[in-house]
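Peer 1: This is work_10.txt, which holds compact mmCIF, C-alpha atoms:
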# COMPACT_ATOMS: atom_id res chain seq x y z
CA LYS A 1 12.38 83.18 168.56
CA LEU A 2 10.06 81.98 171.30
CA GLN A 3 13.00 80.45 173.13
CA PHE A 4 14.88 83.72 172.82
CA LEU A 5 11.96 85.70 174.24
CA TYR A 6 11.71 83.30 177.13
CA LEU A 7 15.44 83.51 177.79
CA ILE A 8 15.00 87.27 178.27
CA GLY A 9 12.74 86.38 181.15
CA GLY A 10 15.57 84.60 182.94
CA GLN A 11 14.54 80.97 182.35
CA ARG A 12 14.19 78.50 179.47
CA LEU A 13 11.19 76.64 178.26
CA GLY A 14 10.91 73.22 179.83
CA ALA A 15 9.79 70.16 177.87
CA GLY A 16 8.75 72.31 174.88
CA VAL A 17 12.36 73.28 174.00
CA PRO A 18 15.03 70.58 173.64
CA GLY A 19 17.87 71.01 176.09
CA ALA A 20 16.07 73.71 178.05
CA THR A 21 16.75 74.14 181.75
CA PRO A 22 14.95 76.21 184.39
CA ALA A 23 16.33 79.52 185.54
CA GLY A 24 19.25 79.29 187.90
CA PRO A 25 20.36 81.50 190.76
CA GLY A 26 22.08 83.85 188.30
CA SER A 27 18.80 85.08 186.79
CA MET A 28 18.76 88.87 186.23
CA LEU A 29 15.05 89.24 187.08
CA THR A 30 13.07 88.78 190.27
CA ASP A 31 10.16 86.31 190.19
CA ARG A 32 7.66 89.19 190.02
CA LYS A 33 9.44 90.90 187.12
CA ARG A 34 9.82 87.57 185.33
CA ARG A 35 6.09 86.90 185.62
CA GLN A 36 5.36 90.37 184.27
CA LEU A 37 7.65 89.82 181.31
CA HIS A 38 6.01 86.46 180.58
CA ASP A 39 2.60 88.17 180.69
CA ASP A 40 3.87 90.77 178.22
CA ILE A 41 5.24 88.11 175.87
CA GLU A 42 1.99 86.17 176.01
CA GLU A 43 -0.05 89.29 175.27
CA TYR A 44 2.27 90.29 172.43
CA LEU A 45 1.93 86.89 170.77
CA LEU A 46 -1.86 87.13 170.98
CA SER A 47 -1.90 90.68 169.60
CA CYS A 48 0.14 89.52 166.60
CA GLY A 49 -2.24 86.64 165.89
CA PHE A 50 0.16 83.88 167.04
CA GLU A 51 -2.58 82.09 168.95
CA GLN A 52 -1.03 78.60 168.86
CA ALA A 53 2.32 79.92 170.05
CA ALA A 54 0.56 81.92 172.78
CA ALA A 55 -1.40 78.85 173.88
CA ALA A 56 1.78 76.73 174.00
CA PHE A 57 3.58 79.45 175.91
CA ALA A 58 0.69 79.81 178.38
CA GLY A 59 0.49 76.05 178.86
CA GLU A 60 4.16 75.68 179.69
CA ARG A 61 4.01 78.42 182.28
CA GLY A 62 0.87 76.96 183.83
CA ASN A 63 -1.82 79.25 182.46
CA ALA A 64 -4.83 77.32 181.22
CA VAL A 65 -5.88 80.02 178.74
CA PRO A 66 -3.75 82.93 177.49
CA THR A 67 -5.26 86.34 178.26
CA VAL A 68 -4.73 89.86 176.99
CA ARG A 69 -4.32 92.64 179.55
CA ASP A 70 -2.19 95.21 177.70
CA GLU A 71 -1.23 94.09 174.23
CA SER A 72 1.15 97.03 173.62
CA ALA A 73 3.19 96.66 176.82
CA LEU A 74 6.06 94.70 175.27
CA GLU A 75 6.31 97.03 172.27
CA ARG A 76 6.43 100.07 174.55
CA LYS A 77 9.14 98.54 176.70
CA TYR A 78 11.16 97.59 173.63
CA ALA A 79 10.81 101.13 172.27
CA ASN A 80 11.99 102.49 175.62
CA ILE A 81 15.03 100.21 175.48
CA LEU A 82 15.92 101.55 172.03
CA ARG A 83 15.45 105.12 173.22
CA THR A 84 17.64 104.48 176.27
CA ALA A 85 20.34 103.01 174.02
CA LYS A 86 20.25 106.16 171.89
CA LEU A 87 20.53 108.37 174.97
CA LEU A 88 23.48 106.32 176.17
CA SER A 89 25.18 106.62 172.79
CA ALA A 90 24.63 110.38 172.78
CA ALA A 91 25.93 110.66 176.35
CA GLU A 92 29.05 108.69 175.42
CA GLU A 93 29.69 111.02 172.46
CA GLU A 94 29.20 114.08 174.67
CA ALA A 95 31.56 112.63 177.28
CA LYS A 96 34.13 112.05 174.54
CA GLN A 97 33.90 115.68 173.46
CA LEU A 98 34.23 116.85 177.07
CA ARG A 99 37.32 114.67 177.55
CA LEU A 100 38.85 116.28 174.46
CA GLN A 101 38.15 119.75 175.84
CA ILE A 102 39.68 118.82 179.21
CA ALA A 103 42.70 117.39 177.42
CA GLU A 104 43.18 120.66 175.56
CA LEU A 105 43.19 122.55 178.86
CA GLU A 106 45.47 120.14 180.72
CA ASP A 107 47.84 118.86 178.03
CA PRO A 108 48.99 121.14 175.19
CA THR A 109 50.21 118.12 173.21
CA ALA A 110 46.59 116.92 172.93
CA VAL A 111 45.45 120.10 171.20
CA GLN A 112 46.48 119.05 167.71
CA ALA A 113 44.70 115.68 167.97
CA SER A 114 41.54 117.43 169.12
CA ILE A 115 41.75 119.97 166.32
CA ALA A 116 42.14 117.16 163.79
CA THR A 117 38.83 115.74 164.99
CA ARG A 118 37.10 119.10 164.92
CA ASP A 119 38.32 119.83 161.40
CA TYR A 120 36.06 117.15 159.91
CA LEU A 121 34.19 118.20 156.77
CA PRO A 122 31.01 116.72 155.25
CA ASN A 123 32.17 113.86 153.08
CA ARG A 124 30.00 110.75 152.85
CA LEU A 125 26.27 110.47 152.15
CA ILE A 126 24.92 107.92 154.62
CA HIS A 127 21.13 108.30 154.31
CA THR A 128 18.42 109.82 152.15
CA LEU A 129 15.39 110.46 154.34
CA LYS A 130 12.03 110.28 152.59
CA GLY A 131 8.74 110.95 154.33
CA HIS A 132 7.68 114.46 153.45
CA THR A 133 5.30 114.97 150.56
CA GLN A 134 7.18 114.59 147.29
CA GLY A 135 7.72 117.92 145.57
CA LYS A 136 7.17 119.98 148.73
CA GLU A 137 10.14 122.05 149.90
CA VAL A 138 11.99 121.19 153.12
CA THR A 139 12.28 124.63 154.73
CA ALA A 140 14.37 123.99 157.84
CA VAL A 141 16.39 121.24 159.57
CA VAL A 142 17.79 121.19 163.11
CA PHE A 143 19.65 118.64 165.23
CA HIS A 144 18.80 117.55 168.75
CA PRO A 145 21.75 118.55 170.99
CA ASN A 146 21.89 115.25 172.92
CA GLN A 147 20.06 112.51 171.03
CA PRO A 148 20.68 111.04 167.53
CA LEU A 149 17.62 112.86 166.20
CA CYS A 150 17.03 115.65 163.72
CA TYR A 151 13.87 117.54 162.80
CA SER A 152 12.77 118.78 159.39
CA ALA A 153 10.04 121.29 158.56
CA CYS A 154 8.28 121.21 155.22
CA GLU A 155 5.76 123.03 153.11
CA ASP A 156 3.51 119.98 153.50
CA GLY A 157 2.64 121.38 156.95
CA ARG A 158 4.47 118.72 158.94
CA VAL A 159 7.56 118.41 161.10
CA LYS A 160 9.32 115.06 160.78
CA ILE A 161 11.50 113.50 163.47
CA TRP A 162 14.34 111.35 162.13
CA ASP A 163 16.90 108.99 163.60
CA TYR A 164 19.78 110.24 161.46
CA GLU A 165 22.13 107.40 162.46
CA ARG A 166 19.73 104.67 161.36
CA GLY A 167 18.11 106.69 158.60
CA GLU A 168 14.59 106.07 159.86
CA SER A 169 11.51 108.17 160.58
CA GLU A 170 10.73 108.32 164.30
CA ASN A 171 7.56 110.38 164.32
CA THR A 172 5.57 113.13 162.60
CA ILE A 173 4.33 116.29 164.29
CA VAL A 174 1.20 117.88 162.89
CA GLY A 175 -0.83 120.87 164.00
CA HIS A 176 -0.15 123.76 161.64
CA THR A 177 -2.76 124.48 158.98
CA GLY A 178 -0.22 125.92 156.54
CA ALA A 179 3.32 125.29 155.33
CA VAL A 180 5.89 125.12 158.14
CA LYS A 181 8.55 127.69 157.24
CA CYS A 182 11.02 127.63 160.13
CA LEU A 183 12.25 125.62 163.11
CA ALA A 184 14.36 126.23 166.21
CA ILE A 185 15.34 123.96 169.10
CA ASP A 186 16.20 125.09 172.63
CA LYS A 187 19.65 124.46 174.08
CA ASP A 188 18.53 121.47 176.19
CA GLY A 189 16.52 119.79 173.45
CA ASP A 190 13.26 119.92 175.40
CA ARG A 191 11.25 122.01 172.92
CA ILE A 192 11.16 123.08 169.33
CA ALA A 193 9.46 126.16 167.92
CA SER A 194 7.85 126.09 164.49
CA GLY A 195 6.55 129.02 162.44
CA SER A 196 4.07 128.71 159.61
CA ASP A 197 2.09 130.28 156.80
CA ASP A 198 -0.87 130.05 159.19
CA THR A 199 0.75 133.01 161.11
CA GLU A 200 1.18 130.94 164.29
CA ILE A 201 4.22 129.79 166.24
CA HIS A 202 3.90 126.44 167.99
CA ILE A 203 6.06 125.56 171.01
CA ILE A 204 6.30 121.77 170.84
CA ASP A 205 7.09 119.71 173.93
CA LEU A 206 9.41 116.96 172.68
CA ARG A 207 8.35 114.60 175.44
CA THR A 208 4.88 114.39 173.93
CA ASN A 209 5.52 115.83 170.44
CA THR A 210 2.52 118.11 170.84
CA ALA A 211 2.14 121.89 170.95
CA SER A 212 2.20 123.10 174.55
CA ARG A 213 1.70 126.73 173.46
CA ARG A 214 0.51 128.55 170.33
CA LEU A 215 1.79 132.09 169.94
CA LYS A 216 -0.49 134.37 167.92
CA GLY A 217 0.15 137.94 166.85
CA HIS A 218 1.84 137.99 163.46
CA GLU A 219 -0.43 138.91 160.57
CA HIS A 220 1.38 136.97 157.82
CA THR A 221 3.82 134.08 157.31
CA VAL A 222 6.23 133.46 160.19
CA SER A 223 9.55 133.01 158.35
CA CYS A 224 12.13 132.69 161.16
CA VAL A 225 12.23 131.81 164.85
CA GLU A 226 15.01 131.45 167.41
CA PHE A 227 15.09 130.75 171.15
CA ILE A 228 16.88 133.49 173.10
CA HIS A 229 19.72 132.22 175.25
CA PRO A 230 20.68 131.58 177.93
CA ASP A 231 17.42 130.47 179.57
CA CYS A 232 15.25 130.08 176.41
CA HIS A 233 12.20 131.55 178.20
CA PHE A 234 11.93 134.05 175.35
CA LEU A 235 11.67 133.60 171.60
CA VAL A 236 12.31 135.95 168.69
CA SER A 237 10.43 135.70 165.38
CA GLY A 238 10.34 137.49 162.04
CA SER A 239 7.46 137.64 159.60
CA ARG A 240 6.29 138.63 156.16
CA ASP A 241 4.18 141.25 157.94
CA GLY A 242 7.38 143.32 158.36
CA THR A 243 7.68 142.91 162.12
CA ILE A 244 10.00 141.20 164.56
CA ARG A 245 8.50 140.05 167.83
CA ILE A 246 10.03 138.90 171.08
CA TRP A 247 7.75 136.51 172.91
CA ASP A 248 7.44 135.63 176.57
CA ILE A 249 6.92 131.89 176.07
CA ILE A 250 5.65 131.16 179.57
CA GLY A 251 3.12 133.97 179.38
CA SER A 252 2.31 133.23 175.70
CA ARG A 253 2.43 136.93 174.94
CA THR A 254 4.38 139.44 172.87
CA ASP A 255 7.06 141.21 174.89
CA LYS A 256 8.34 143.67 172.26
CA ILE A 257 7.73 144.51 168.59
CA TYR A 258 10.31 145.91 166.16
CA HIS A 259 9.32 147.23 162.73
CA ALA A 260 11.39 146.74 159.58
CA PRO A 261 11.49 149.88 157.41
CA ASP A 262 8.78 149.89 154.73
CA ALA A 263 7.32 146.75 156.32
CA ALA A 264 9.90 144.63 154.47
CA TRP A 265 9.55 140.85 154.78
CA VAL A 266 11.84 139.64 157.61
CA ARG A 267 13.46 136.33 156.59
CA GLY A 268 16.22 135.94 159.19
CA VAL A 269 16.52 137.06 162.81
CA GLN A 270 18.82 136.49 165.78
CA VAL A 271 19.33 137.92 169.27
CA VAL A 272 23.00 138.22 170.18
CA ALA A 273 24.78 139.19 173.38
CA HIS A 274 26.97 142.28 173.02
CA GLY A 275 28.73 143.39 176.16
CA ASN A 276 26.15 143.84 178.90
CA HIS A 277 23.16 144.04 176.58
CA GLN A 278 21.55 142.18 173.70
CA MET A 279 20.99 143.13 170.09
CA VAL A 280 18.22 142.02 167.74
CA VAL A 281 19.70 141.39 164.29
CA ALA A 282 17.46 140.88 161.26
CA ALA A 283 17.39 140.96 157.47
CA GLY A 284 15.08 140.22 154.58
CA ASP A 285 13.54 141.65 151.45
CA ASP A 286 15.01 145.16 151.73
CA HIS A 287 18.53 143.67 151.20
CA MET A 288 19.79 145.31 154.42
CA LEU A 289 21.17 143.81 157.64
CA ARG A 290 19.82 145.80 160.57
CA CYS A 291 20.09 145.72 164.36
CA TRP A 292 18.21 147.08 167.36
CA ASP A 293 18.99 147.30 171.05
CA ARG A 294 16.70 144.65 172.53
CA GLN A 295 15.34 147.09 175.10
CA ASN A 296 14.61 149.84 172.56
CA PRO A 297 12.50 148.97 169.50
CA ASN A 298 13.18 152.50 168.15
CA SER A 299 16.98 152.05 168.02
CA GLU A 300 17.15 150.60 164.49
CA LYS A 301 20.59 150.81 162.83
CA ALA A 302 21.60 149.72 159.31
CA ILE A 303 24.73 147.52 159.21
CA GLY A 304 25.31 146.48 155.61
CA LEU A 305 23.77 145.89 152.23
CA HIS A 306 23.49 142.90 149.87
CA GLY A 307 22.60 143.12 146.21
CA HIS A 308 19.37 141.14 146.61
CA VAL A 309 17.03 139.64 149.22
CA ILE A 310 18.79 138.27 152.31
CA GLU A 311 17.62 134.73 153.01
CA CYS A 312 19.31 133.96 156.35
CA VAL A 313 21.23 135.37 159.31
CA VAL A 314 23.41 133.29 161.63
CA VAL A 315 25.57 134.28 164.62
CA ALA A 316 29.24 133.26 164.70
CA ASN A 317 30.24 130.88 167.49
CA ALA A 318 33.00 131.81 169.94
CA ALA A 319 35.70 130.02 167.93
CA ALA A 320 34.66 131.82 164.73
CA CYS A 321 34.61 135.20 166.50
CA ALA A 322 38.18 134.59 167.67
CA GLU A 323 39.27 133.56 164.17
CA LEU A 324 37.58 136.55 162.53
CA GLN A 325 39.03 138.96 165.10
CA GLU A 326 42.51 137.58 164.40
CA MET A 327 41.88 138.07 160.68
CA ALA A 328 40.89 141.68 161.35
CA ARG A 329 44.06 142.32 163.36
CA ALA A 330 46.22 140.77 160.63
CA LYS A 331 44.51 142.88 157.98
CA GLU A 332 45.04 146.06 159.99
CA ALA A 333 48.68 145.16 160.66
CA ALA A 334 49.26 144.65 156.94
CA ARG A 335 47.71 148.06 156.25
CA THR A 336 49.68 149.97 158.89
CA GLY A 337 52.85 147.91 159.02
CA GLU A 338 52.49 147.55 162.79
CA THR A 339 51.86 144.43 164.86
CA LEU A 340 48.60 144.76 166.79
CA GLU A 341 48.08 142.92 170.05
CA ALA A 342 44.71 141.57 171.13
CA THR A 343 42.81 143.76 173.61
CA ASN A 344 39.80 143.18 175.82
CA SER A 345 37.65 145.25 173.46
CA ASP A 346 38.76 143.08 170.53
CA MET A 347 37.54 139.94 172.23
CA GLN A 348 34.06 141.45 172.61
CA SER A 349 33.49 141.75 168.85
CA VAL A 350 30.39 139.99 167.56
CA PHE A 351 30.08 138.60 164.04
CA VAL A 352 27.15 137.36 161.97
CA ALA A 353 26.91 135.87 158.48
CA THR A 354 24.19 136.54 155.92
CA GLY A 355 23.31 134.53 152.82
CA SER A 356 21.58 136.23 149.92
CA ARG A 357 19.85 135.78 146.60
CA ASP A 358 22.78 137.74 145.14
CA LYS A 359 24.62 134.35 145.45
CA THR A 360 27.08 135.62 148.08
CA ILE A 361 27.72 135.21 151.81
CA ILE A 362 28.96 138.17 153.83
CA VAL A 363 30.38 138.00 157.35
CA TRP A 364 29.76 141.23 159.28
CA ASN A 365 31.42 142.70 162.37
CA LEU A 366 28.48 144.02 164.36
CA THR A 367 30.74 145.82 166.81
CA ASN A 368 32.05 148.32 164.28
CA GLY A 369 29.52 147.77 161.48
CA THR A 370 32.05 146.62 158.88
CA GLU A 371 32.28 143.75 156.41
CA ALA A 372 34.75 141.12 157.67
CA CYS A 373 34.81 138.96 154.53
CA LYS A 374 32.78 137.98 151.49
CA LEU A 375 32.39 134.47 150.07
CA VAL A 376 31.68 134.19 146.35
CA GLY A 377 31.14 131.00 144.37
CA HIS A 378 27.55 129.78 144.55
CA GLN A 379 25.69 129.86 141.25
CA ASP A 380 22.23 130.56 142.69
CA TRP A 381 20.48 131.84 145.82
CA VAL A 382 22.20 131.10 149.13
CA ARG A 383 19.53 129.68 151.42
CA SER A 384 21.26 128.79 154.70
CA VAL A 385 24.66 129.13 156.39
CA SER A 386 26.31 127.72 159.52
CA PHE A 387 29.68 128.31 161.18
CA HIS A 388 31.91 125.25 161.54
CA VAL A 389 32.57 124.08 165.08
CA ASN A 390 36.30 124.80 164.66
CA GLY A 391 35.58 128.46 163.86
CA LYS A 392 37.85 128.42 160.81
CA SER A 393 35.24 127.74 158.17
CA LEU A 394 31.60 128.18 157.24
CA LEU A 395 29.07 125.88 155.56
CA SER A 396 26.38 127.00 153.13
CA CYS A 397 23.68 125.57 150.90
CA SER A 398 22.18 126.98 147.74
CA ASP A 399 19.59 126.63 145.05
CA ASP A 400 22.50 125.58 142.82
CA GLY A 401 22.10 122.12 144.40
CA THR A 402 25.30 122.22 146.45
CA VAL A 403 26.58 122.38 150.01
CA ARG A 404 29.88 124.22 150.22
CA VAL A 405 32.53 124.63 152.91
CA TRP A 406 34.45 127.92 152.95
CA GLN A 407 37.72 128.79 154.66
CA LEU A 408 37.29 132.15 156.35
CA SER A 409 40.96 133.19 156.37
CA ASP A 410 41.30 133.33 152.58
CA GLN A 411 37.62 133.03 151.53
CA ARG A 412 38.49 129.88 149.57
CA CYS A 413 35.94 127.11 148.92
CA LEU A 414 37.39 123.99 150.56
CA ARG A 415 34.75 121.51 149.44
CA THR A 416 31.72 121.39 147.18
CA ILE A 417 29.16 118.60 147.54
CA LYS A 418 26.63 118.18 144.77
CA VAL A 419 23.70 117.12 146.90
CA GLN A 420 20.89 116.91 144.39
CA GLU A 421 20.57 117.14 140.63
CA MET A 422 17.70 119.31 139.42
CA ALA A 423 16.77 120.35 142.97
CA PHE A 424 17.31 123.37 145.21
CA ILE A 425 19.02 122.80 148.56
CA SER A 426 16.75 124.86 150.74
CA ALA A 427 17.82 123.98 154.31
CA LEU A 428 21.05 123.12 156.12
CA GLY A 429 21.65 121.65 159.57
CA TYR A 430 25.06 121.22 161.21
CA HIS A 431 25.52 118.97 164.24
CA PRO A 432 26.97 120.74 167.34
CA THR A 433 29.79 118.18 167.53
CA GLY A 434 30.69 118.69 163.87
CA ARG A 435 30.06 115.02 163.00
CA TYR A 436 26.99 115.29 160.74
CA VAL A 437 25.39 117.61 158.22
CA VAL A 438 21.80 117.39 156.95
CA ALA A 439 20.55 119.10 153.81
CA GLY A 440 16.90 119.52 152.86
CA ALA A 441 15.75 119.97 149.26
CA ASN A 442 12.72 121.36 147.48
CA ASN A 443 11.73 117.82 146.40
CA GLY A 444 10.89 116.83 150.00
CA GLU A 445 14.06 114.80 150.67
CA VAL A 446 16.63 115.19 153.45
CA LYS A 447 20.22 114.03 152.93
CA VAL A 448 22.46 113.03 155.84
CA TYR A 449 26.24 113.37 155.47
CA LYS A 450 28.95 112.07 157.78
CA CYS A 451 31.80 114.49 158.44
CA GLU A 452 35.21 112.88 158.22
For this file, produce the structure as structure tokens.

Peer 2:
Amino acid sequence: KLQFLYLIGGQRLGAGVPGATPAGPGSMLTDRKRRQLHDDIEEYLLSCGFEQAAAAFAGERGNAVPTVRDESALERKYANILRTAKLLSAAEEEAKQLRLQIAELEDPTAVQASIATRDYLPNRLIHTLKGHTQGKEVTAVVFHPNQPLCYSACEDGRVKIWDYERGESENTIVGHTGAVKCLAIDKDGDRIASGSDDTEIHIIDLRTNTASRRLKGHEHTVSCVEFIHPDCHFLVSGSRDGTIRIWDIIGSRTDKIYHAPDAAWVRGVQVVAHGNHQMVVAAGDDHMLRCWDRQNPNSEKAIGLHGHVIECVVVANAAACAELQEMARAKEAARTGETLEATNSDMQSVFVATGSRDKTIIVWNLTNGTEACKLVGHQDWVRSVSFHVNGKSLLSCSDDGTVRVWQLSDQRCLRTIKVQEMAFISALGYHPTGRYVVAGANNGEVKVYKCE
């Protein structure tokens, strides 16, 4: 191992290692960088208690006595190398996805191959992540958009950072004084927002894993948070206090407040673009999906009703909106007997999905306030939903211990994964490339599935 470390420095040990030769002209390091690396190796050996090895190493390089200047230097550099490798891997995956998109635009024959990749479904359990307090519910999970990392929030008051490819804990973020109930990550992966029973929202800088801002104003549990696109300078949150707030993150202040009727607990909230304006969409304990014009907190409108508490609200991606609009046209054509062509107004339709304690998922057309489809099959509360990247299906998790994949066109369940016996599946995360799914349970565990 010592020889290997020394080889990294661009030269071999001399008399101390049989067959060793000095560095040749092909060395990758300059003399100054090589000396620095040797210093780091020497300090690392001393910090680990390998005093004889450090003394031998120092003697061969001409140091009379090994010294310690910065004993963590080598570990930091090694950690940086690992991080750089992860970034490179993520960049390669992103480049692959971009090449597929370009191929779809340039070569129609490549479309089917790309679709085959995007049709992957969760299939194989690759890791069980343990690090949260046993028996405490995992309340939210999100993926980093560019790095092989995911984040889980838990009722133990912590946010865990995981390397989901290696199945290892990377770090733990602390700061809340109550259970962490919700998480959101901005589009660039620079910050996450966490909401808690302590009534605060923390904006966490992922470069330092510390709270850069603490947003205060809610009077009870913060149950849901989302960054508002496209610039993510604003955040929307919902609370048990019956209010929805839009926050100016930079100014750390409330921008607008919307009130749920009868101060009903708000459990899910989104801000969606609709034409030239934005809508605030929320749901919770009053069983009703509601929306407001973002600029007018008094513009509340009821959209649709579930039979029980609504646990979550999620906005359909562009592919899903196109699929759902096509379904609507086909349904109308079947009713009237006429073929309906797509129009510009059709393409502006916005859809959201809600999951409820009535064990169902409903997809709503916000443009005309109608129910697009209803998915029935879970045996207990539906806790989280996510639209598949291909737009043709939807994923959900439930207290019945399963993750399910639904086909939107015929509302059929394509796949059921029994994630955990005797445990509720309380959180679901779906990777933006469609390659991974993570499911959090009320026993503190997080399961990672590969989509194939």

Peer 1: To one decimal place, how far is CA of Leu88 (chain A) from CA of Ala319 (chain A) in Å?

Peer 2: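 Pair CA of Leu88 (chain A) / CA of Ala319 (chain A) returns 27.9 Å.
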
Peer 1: Could you give me, as a tab-separated table (two decimals) with C-alpha atoms, in the frame of the given file, the residues within 8 Å of Phe57 (chain A), counting all atoms listed in the file and dropping anything in the same chain fewer than 4 positions from it?

Peer 2:
chain	number	residue	atom	x	y	z
A	42	GLU	CA	1.99	86.17	176.01
A	53	ALA	CA	2.32	79.92	170.05
A	61	ARG	CA	4.01	78.42	182.28

Peer 1: Which residues are close to region 256-258 of chain A, i.e. within 6 Å by only C-alpha atoms, leaving aside same-chain residues fewer than 2 positions away? Reply as JSON, numbers by chain.

Peer 2: {"A": [243, 244, 245, 246, 254, 297]}

Peer 1: Residues of the last selection are to be written out with C-alpha atoms, as an mmCIF file, keeping the file's coordinate frame.

Peer 2:
data_model
loop_
_atom_site.group_PDB
_atom_site.id
_atom_site.type_symbol
_atom_site.label_atom_id
_atom_site.label_comp_id
_atom_site.auth_asym_id
_atom_site.auth_seq_id
_atom_site.Cartn_x
_atom_site.Cartn_y
_atom_site.Cartn_z
ATOM 1 C CA THR A 243 7.680 142.910 162.120
ATOM 2 C CA ILE A 244 10.000 141.200 164.560
ATOM 3 C CA ARG A 245 8.500 140.050 167.830
ATOM 4 C CA ILE A 246 10.030 138.900 171.080
ATOM 5 C CA THR A 254 4.380 139.440 172.870
ATOM 6 C CA PRO A 297 12.500 148.970 169.500
#

Peer 1: Can you tell me, as number ranges by chain, what residues are no more than 7 Å from Glu452 (chain A) when counting only C-alpha atoms, ignoring any on the same chain fewer than 2 positions away?

Peer 2: A: 120-123, 450

Peer 1: What is the distance between CA of Arg214 (chain A) and CA of Asn442 (chain A), in Å to one decimal?

Peer 2: 26.9 Å

Peer 1: For Asn209 (chain A), which of A:Tyr430, A:Tyr151, A:Tyr436, A:Trp381 is the closest residue, counting all atoms listed in the file?

Peer 2: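 Ranking A:Tyr430, A:Tyr151, A:Tyr436, A:Trp381 by distance to Asn209 (chain A), first place goes to A:Tyr151.
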
Peer 1: List the spatial neighbours of Leu183 (chain A) as a PDB file with C-alpha atoms, keeping the file's coordinate frame - criterion: any atom at most 6 Å away, all atoms listed in the file, same-chain residues fewer than 4 positions off excluded.

Peer 2:
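Generated file (selection-v7.pdb):
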ATOM      1  CA  ALA A 140      14.370 123.990 157.840  1.00  0.00           C
ATOM      2  CA  ALA A 193       9.460 126.160 167.920  1.00  0.00           C
ATOM      3  CA  SER A 194       7.850 126.090 164.490  1.00  0.00           C
TER       4      SER A 194
END

Peer 1: A:Val236, A:Ile173, A:Ala95, A:Val385: which is nearest Thr208 (chain A), counting only C-alpha atoms?

Peer 2: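 Using only C-alpha atoms, the shortest distance to Thr208 (chain A) belongs to A:Ile173.
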
Peer 1: Neighbours of Ala263 (chain A) within 6 Å (all atoms listed in the file; same-chain residues fewer than 2 positions away dropped), as an MDAnalysis selection string?

Peer 2: chainID A and resid 242 260:261

Peer 1: Just give me the gap between CA of Arg124 (chain A) and CA of Glu165 (chain A) in Å, one decimal is fine.

Peer 2: 12.9 Å

Peer 1: Compare A:Thr199, A:Ser223, A:Thr354, A:Ser152 by their minimum atom-to-atom distance to Glu170 (chain A), counting all atoms listed in the file, and give me the closest one.

Peer 2: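 Under the stated criterion, the closest residue is A:Ser152.
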
Peer 1: My list of candidates is A:Ala153, A:Leu375, A:Ile203, A:Val382. Which is closest to Lys181 (chain A) when distances are computed with only C-alpha atoms?

Peer 2: A:Ala153

Peer 1: Pick out the closest residue to Arg383 (chain A) from this set: A:Ser409, A:Ser299, A:Ser356, A:Thr172. Count only C-alpha atoms.

Peer 2: A:Ser356

Peer 1: Each side padded by 8 Å, which centre and which edge lengths in Å (one decimal) define the axis-aligned box around the listed atoms of region 377-380 of chain A? Give them as JSON.

Peer 2:
{"center_x": 26.7, "center_y": 130.4, "center_z": 142.9, "size_x": 24.9, "size_y": 17.2, "size_z": 19.3}

Peer 1: For each of A:Lys33, A:Arg415, A:His202, A:Lys392, take the minimum atom-to-atom distance to Leu324 (chain A), counting only C-alpha atoms, then give the residue where this is smallest.

Peer 2: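 Of A:Lys33, A:Arg415, A:His202, A:Lys392, the one nearest Leu324 (chain A) is A:Lys392, counting only C-alpha atoms.
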
Peer 1: List every protein, DNA or RNA residue that has an atom no more than 12 Å from (19.0, 135.5, 161.8) in the file's coordinate frame, counting only C-alpha atoms, and report them as a PyMOL selection string.

Peer 2: chain A and resi 182+184+223-228+236-239+244+266-272+279-284+289-291+310-316+351-355+383-386

Peer 1: Select all residues near (2.9, 133.7, 164.0) (cut-off 7 Å, inclusive, file coordinates), counting only C-alpha atoms, and output them as an mmCIF file with C-alpha atoms, in the frame of the given file.

Peer 2:
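What landed in result.cif:
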data_model
loop_
_atom_site.group_PDB
_atom_site.id
_atom_site.type_symbol
_atom_site.label_atom_id
_atom_site.label_comp_id
_atom_site.auth_asym_id
_atom_site.auth_seq_id
_atom_site.Cartn_x
_atom_site.Cartn_y
_atom_site.Cartn_z
ATOM 1 C CA GLY A 195 6.550 129.020 162.440
ATOM 2 C CA SER A 196 4.070 128.710 159.610
ATOM 3 C CA THR A 199 0.750 133.010 161.110
ATOM 4 C CA GLU A 200 1.180 130.940 164.290
ATOM 5 C CA ILE A 201 4.220 129.790 166.240
ATOM 6 C CA LEU A 215 1.790 132.090 169.940
ATOM 7 C CA LYS A 216 -0.490 134.370 167.920
ATOM 8 C CA GLY A 217 0.150 137.940 166.850
ATOM 9 C CA HIS A 218 1.840 137.990 163.460
ATOM 10 C CA THR A 221 3.820 134.080 157.310
ATOM 11 C CA VAL A 222 6.230 133.460 160.190
#
